[in-house]
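Enquirer: The following file, input06.cif, comprises mmCIF, C-alpha atoms:
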data_query
loop_
_atom_site.label_atom_id
_atom_site.label_comp_id
_atom_site.auth_asym_id
_atom_site.auth_seq_id
_atom_site.Cartn_x
_atom_site.Cartn_y
_atom_site.Cartn_z
CA GLY A 229 0.00 0.00 0.00
CA SER A 230 2.74 2.46 0.89
CA ALA A 231 4.62 1.65 -2.33
CA GLY A 232 1.45 2.41 -4.29
CA ILE A 233 0.92 5.70 -2.46
CA GLY A 234 4.57 6.60 -3.08
CA PHE A 235 4.22 5.84 -6.80
CA ILE A 236 1.08 7.97 -7.05
CA ALA A 237 2.79 10.86 -5.25
CA VAL A 238 5.79 10.75 -7.61
CA PHE A 239 3.49 10.39 -10.64
CA LEU A 240 1.43 13.43 -9.64
CA ALA A 241 4.44 15.56 -8.73
CA ALA A 242 6.32 14.76 -11.97
CA GLU A 243 4.12 17.13 -14.00
CA SER A 244 2.61 20.30 -12.55
CA TYR A 245 -0.59 20.11 -14.61
CA ARG A 246 -1.61 16.90 -12.81
CA LEU A 247 -1.66 18.58 -9.43
CA GLU A 248 -3.42 21.57 -10.98
CA ARG A 249 -6.18 19.30 -12.32
CA LEU A 250 -6.66 17.84 -8.86
CA ALA A 251 -6.87 21.31 -7.32
CA ILE A 252 -9.40 22.45 -9.95
CA TRP A 253 -11.43 19.29 -9.35
CA ARG A 254 -11.57 19.95 -5.60
CA ASP A 255 -12.61 23.60 -5.99
CA PRO A 256 -13.43 24.62 -9.59
CA GLU A 257 -14.75 28.06 -8.59
CA LYS A 258 -11.34 29.08 -7.27
CA TYR A 259 -9.54 28.65 -10.63
CA GLU A 260 -10.07 30.13 -14.07
CA LYS A 261 -9.63 26.71 -15.69
CA GLY A 262 -12.59 25.42 -13.66
CA PHE A 263 -14.96 27.55 -15.77
CA GLN A 264 -15.99 24.74 -18.12
CA THR A 265 -16.61 22.34 -15.23
CA ILE A 266 -18.86 24.87 -13.50
CA GLN A 267 -20.76 25.67 -16.71
CA GLY A 268 -21.23 21.96 -17.40
CA LEU A 269 -22.71 21.48 -13.95
CA TYR A 270 -24.99 24.50 -14.53
CA ALA A 271 -26.14 22.90 -17.79
CA ILE A 272 -26.93 19.62 -16.05
CA GLY A 273 -28.82 21.41 -13.27
CA SER A 274 -30.79 23.71 -15.56
CA GLY A 275 -31.97 20.81 -17.71
CA GLY A 276 -34.25 19.46 -15.01
CA LEU A 277 -36.26 16.32 -15.63
CA PHE A 278 -37.10 16.77 -19.34
CA GLY A 279 -34.74 19.56 -20.43
CA ARG A 280 -35.19 22.84 -22.26
CA GLY A 281 -35.83 21.18 -25.64
CA LEU A 282 -33.53 20.32 -28.53
CA GLY A 283 -31.66 23.39 -29.74
CA ASN A 284 -32.69 25.51 -26.75
CA SER A 285 -29.47 25.18 -24.75
CA ILE A 286 -28.30 28.39 -23.12
CA GLN A 287 -24.86 27.16 -22.10
CA LYS A 288 -23.79 26.64 -25.75
CA LEU A 289 -24.13 30.39 -26.37
CA GLY A 290 -20.61 31.07 -25.16
CA PHE A 291 -20.25 29.20 -21.90
CA VAL A 292 -19.37 25.68 -23.13
CA PRO A 293 -18.18 24.70 -26.62
CA GLU A 294 -21.19 22.53 -27.50
CA ALA A 295 -24.73 21.87 -26.38
CA GLN A 296 -25.06 19.77 -23.25
CA ILE A 297 -27.33 16.75 -23.63
CA CYS A 298 -28.59 17.06 -20.06
CA GLU A 299 -29.58 20.68 -20.58
CA GLU A 300 -31.52 20.04 -23.80
CA THR A 301 -33.09 16.65 -22.99
CA GLY A 302 -32.91 16.63 -19.18
CA LEU A 303 -32.45 13.67 -16.92
CA ALA A 304 -34.78 11.56 -19.08
CA GLY A 305 -32.64 12.11 -22.17
CA ALA A 306 -29.43 11.38 -20.25
CA ILE A 307 -30.87 8.10 -18.93
CA ILE A 308 -32.01 7.11 -22.43
CA LEU A 309 -28.54 7.85 -23.81
CA ILE A 310 -26.90 5.79 -21.06
CA LEU A 311 -29.30 2.92 -21.84
CA ILE A 312 -28.37 3.13 -25.54
CA PHE A 313 -24.69 2.91 -24.61
CA ALA A 314 -25.48 -0.05 -22.32
CA LEU A 315 -27.29 -1.76 -25.21
CA LEU A 316 -24.32 -1.17 -27.52
CA LEU A 317 -21.91 -2.57 -24.93
CA TRP A 318 -24.18 -5.57 -24.32
CA ARG A 319 -24.29 -6.24 -28.06
CA LEU A 320 -20.49 -6.07 -28.31
CA CYS A 321 -20.32 -8.56 -25.43
CA VAL A 322 -22.69 -10.93 -27.27
CA ILE A 323 -20.58 -10.60 -30.44
CA SER A 324 -17.47 -11.42 -28.44
CA MET A 325 -19.03 -14.46 -26.76
CA HIS A 326 -20.39 -15.93 -30.00
CA CYS A 327 -17.30 -15.40 -32.11
CA GLN A 328 -15.79 -18.48 -33.80
CA GLU A 329 -12.18 -17.36 -33.48
CA LEU A 330 -10.29 -16.21 -30.41
CA SER A 331 -8.80 -13.21 -32.24
CA GLY A 332 -12.26 -11.91 -33.17
CA ALA A 333 -13.53 -12.45 -29.64
CA LEU A 334 -10.59 -10.58 -28.15
CA LEU A 335 -10.90 -7.78 -30.70
CA SER A 336 -14.60 -7.23 -30.04
CA ALA A 337 -14.02 -7.43 -26.27
CA GLY A 338 -11.30 -4.79 -26.67
CA ILE A 339 -13.68 -2.53 -28.61
CA MET A 340 -16.28 -3.03 -25.88
CA GLY A 341 -13.74 -2.15 -23.19
CA HIS A 342 -12.60 0.96 -25.08
CA LEU A 343 -16.17 2.24 -25.44
CA ALA A 344 -17.06 1.42 -21.84
CA ILE A 345 -14.04 3.25 -20.46
CA GLN A 346 -14.71 6.27 -22.65
CA VAL A 347 -18.37 6.49 -21.64
CA ILE A 348 -17.65 6.03 -17.93
CA LEU A 349 -14.80 8.56 -17.88
CA ASN A 350 -16.75 11.19 -19.83
CA ILE A 351 -19.82 10.92 -17.62
CA ALA A 352 -17.64 11.03 -14.50
CA VAL A 353 -15.83 14.17 -15.72
CA VAL A 354 -19.01 15.99 -16.74
CA THR A 355 -20.57 15.32 -13.35
CA ASN A 356 -17.29 16.40 -11.66
CA THR A 357 -16.87 12.98 -10.05
CA ILE A 358 -13.24 12.74 -11.22
CA PRO A 359 -10.73 15.37 -12.41
CA ASN A 360 -10.96 16.55 -16.01
CA THR A 361 -9.35 14.19 -18.54
CA GLY A 362 -10.48 15.45 -21.93
CA ILE A 363 -12.09 12.15 -22.99
CA THR A 364 -14.92 12.54 -25.52
CA LEU A 365 -18.33 10.90 -25.22
CA PRO A 366 -18.44 8.34 -28.06
CA PHE A 367 -20.47 9.46 -31.10
CA ILE A 368 -21.71 12.57 -29.25
CA SER A 369 -18.83 14.88 -28.31
CA TYR A 370 -16.94 16.83 -30.92
CA GLY A 371 -13.65 15.25 -31.91
CA GLY A 372 -12.65 14.42 -35.48
CA THR A 373 -10.04 11.75 -34.75
CA SER A 374 -12.22 10.20 -32.06
CA ILE A 375 -15.18 9.69 -34.38
CA VAL A 376 -12.97 8.27 -37.15
CA PHE A 377 -11.57 5.61 -34.82
CA LEU A 378 -14.98 4.86 -33.30
CA LEU A 379 -16.55 4.34 -36.72
CA GLY A 380 -13.61 2.11 -37.68
CA GLU A 381 -14.12 0.08 -34.52
CA MET A 382 -17.83 -0.29 -35.25
CA GLY A 383 -17.01 -1.50 -38.77
CA ILE A 384 -14.61 -4.09 -37.37
CA ALA A 385 -17.22 -5.22 -34.81
CA LEU A 386 -19.86 -5.56 -37.54
CA ASN A 387 -17.46 -7.63 -39.63
CA ILE A 388 -16.71 -9.89 -36.65
CA SER A 389 -20.46 -10.34 -36.02
CA ARG A 390 -20.91 -11.76 -39.53
CA TYR A 391 -18.93 -14.87 -38.57
CA ARG A 392 -20.58 -16.06 -35.39
CA LYS A 393 -21.51 -19.53 -34.16
#
What do you get writing this file as structure tokens?
Expert:
Amino acid sequence: GSAGIGFIAVFLAAESYRLERLAIWRDPEKYEKGFQTIQGLYAIGSGGLFGRGLGNSIQKLGFVPEAQICEETGLAGAIILILIFALLLWRLCVISMHCQELSGALLSAGIMGHLAIQVILNIAVVTNTIPNTGITLPFISYGGTSIVFLLGEMGIALNISRYRK
């Protein structure tokens, strides 16, 4: 345990931005770089149960770079989106379990793991549960390279699903 704590301390102290991210995460109102975190939380809170309606986001008008799903569709829309991601991950798990070859099973399981980690990290950052990491929400957040790789992964998963038991 003490070796692990020592490693984490050295890892965090090696680069100053890591400690800064932790400080911003603890108290985002105290730092200028905490602006986006605060505005994201405002967007989530102002969305309410059913949101303001598609296209009616206020936070996208200069406070955050893109419309927040929770502000436009509310808690109901966020839950539906999480259920869609859960369905996609479940389907990737089924593809992996019914694959004829080990390489296809491992590849589809890797795609599933990549998507799951991205979804979990993005939701945790937006809700300020963990420090900011810059991970996009798959298929939703803006990021050119991210969407290219995600679409490539989906193509590979679809190809693997063609050859199942």
Enquirer: Which residues would end up in the selection if the PyMOL selection byres ((chain A and resi 309) around 12) were applied here, given that I need the answer as a VMD selection string?
Expert: chain A and resid 297 to 298 301 to 308 310 to 316 347 351 365 to 368
Enquirer: Using only C-alpha atoms, please write the residues we just selected to a file, as a PDB file, in the coordinates of the input.
Expert:
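Listing of selection_23.pdb after writing:
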ATOM      1  CA  ILE A 297     -27.330  16.750 -23.630  1.00  0.00           C
ATOM      2  CA  CYS A 298     -28.590  17.060 -20.060  1.00  0.00           C
ATOM      3  CA  THR A 301     -33.090  16.650 -22.990  1.00  0.00           C
ATOM      4  CA  GLY A 302     -32.910  16.630 -19.180  1.00  0.00           C
ATOM      5  CA  LEU A 303     -32.450  13.670 -16.920  1.00  0.00           C
ATOM      6  CA  ALA A 304     -34.780  11.560 -19.080  1.00  0.00           C
ATOM      7  CA  GLY A 305     -32.640  12.110 -22.170  1.00  0.00           C
ATOM      8  CA  ALA A 306     -29.430  11.380 -20.250  1.00  0.00           C
ATOM      9  CA  ILE A 307     -30.870   8.100 -18.930  1.00  0.00           C
ATOM     10  CA  ILE A 308     -32.010   7.110 -22.430  1.00  0.00           C
ATOM     11  CA  ILE A 310     -26.900   5.790 -21.060  1.00  0.00           C
ATOM     12  CA  LEU A 311     -29.300   2.920 -21.840  1.00  0.00           C
ATOM     13  CA  ILE A 312     -28.370   3.130 -25.540  1.00  0.00           C
ATOM     14  CA  PHE A 313     -24.690   2.910 -24.610  1.00  0.00           C
ATOM     15  CA  ALA A 314     -25.480  -0.050 -22.320  1.00  0.00           C
ATOM     16  CA  LEU A 315     -27.290  -1.760 -25.210  1.00  0.00           C
ATOM     17  CA  LEU A 316     -24.320  -1.170 -27.520  1.00  0.00           C
ATOM     18  CA  VAL A 347     -18.370   6.490 -21.640  1.00  0.00           C
ATOM     19  CA  ILE A 351     -19.820  10.920 -17.620  1.00  0.00           C
ATOM     20  CA  LEU A 365     -18.330  10.900 -25.220  1.00  0.00           C
ATOM     21  CA  PRO A 366     -18.440   8.340 -28.060  1.00  0.00           C
ATOM     22  CA  PHE A 367     -20.470   9.460 -31.100  1.00  0.00           C
ATOM     23  CA  ILE A 368     -21.710  12.570 -29.250  1.00  0.00           C
TER      24      ILE A 368
END
Enquirer: Rounded to one decimal place, report the atom CA of Tyr270 of chain A-atom CA of Ile375 of chain A distance in Å.
Expert: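 Spanning atom CA of Tyr270 of chain A to atom CA of Ile375 of chain A is a straight-line distance of 26.6 Å.
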Enquirer: Given all atoms listed in the file as the basis, pick out the residue of A:Leu334, A:Ala237, A:Leu250, A:Thr364 nearest to Gln346 of chain A.
Expert: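 Comparing A:Leu334, A:Ala237, A:Leu250, A:Thr364 against Gln346 of chain A, the winner is A:Thr364.
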Enquirer: Go through A:Val376, A:Gly232, A:Leu386, A:Glu300 one by one, measure the shortest atom-to-atom distance of each to Val322 of chain A using all atoms listed in the file, and give the residue with the smallest value.
Expert: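 Smallest separation from Val322 of chain A among the options: A:Leu386.
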Enquirer: Looking at all atoms listed in the file, which of A:Cys321, A:Leu282, A:Ile266, A:Leu349 is the one that sits closest to Gly362 of chain A?
Expert: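 The closest residue to Gly362 of chain A is A:Leu349.
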Enquirer: May I ask which of the residues A:Ala271, A:Leu379, A:Leu247, A:Ile252 is the closest one to Leu289 of chain A, counting all atoms listed in the file?
Expert: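 Ranking A:Ala271, A:Leu379, A:Leu247, A:Ile252 by distance to Leu289 of chain A, first place goes to A:Ala271.
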Enquirer: Any chance you could resolve the PyMOL selection byres ((chain A and resi 262) around 12) against this file and give the residues as an MDAnalysis selection string?
Expert: chainID A and resid 248:261 263:269 291:292 353:354 356 359:360
Enquirer: Of the candidates A:Thr355, A:Ser230, A:Ala242, A:Lys288, which shows the shortest atom-to-atom distance to Gly273 of chain A, using all atoms listed in the file?
Expert: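 Looking only at the distances to Gly273 of chain A, the closest residue turns out to be A:Thr355.
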Enquirer: What does the distance between atom CA of Gln296 of chain A and atom CA of Gly380 of chain A come to in Å, to one decimal place?
Expert: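 Interatomic distance here is 25.5 Å.
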Enquirer: Separation of atom CA of Ser331 of chain A and atom CA of Leu343 of chain A, in Å?
Expert: 18.4 Å
Enquirer: Is there a way to get, as a ChimeraX atom specification, all residues within 12 Å of the point (-12.8, 0.0, -32.9) in file coordinates, counting all atoms listed in the file?
Expert: /A:320,332,334-344,366,374-388
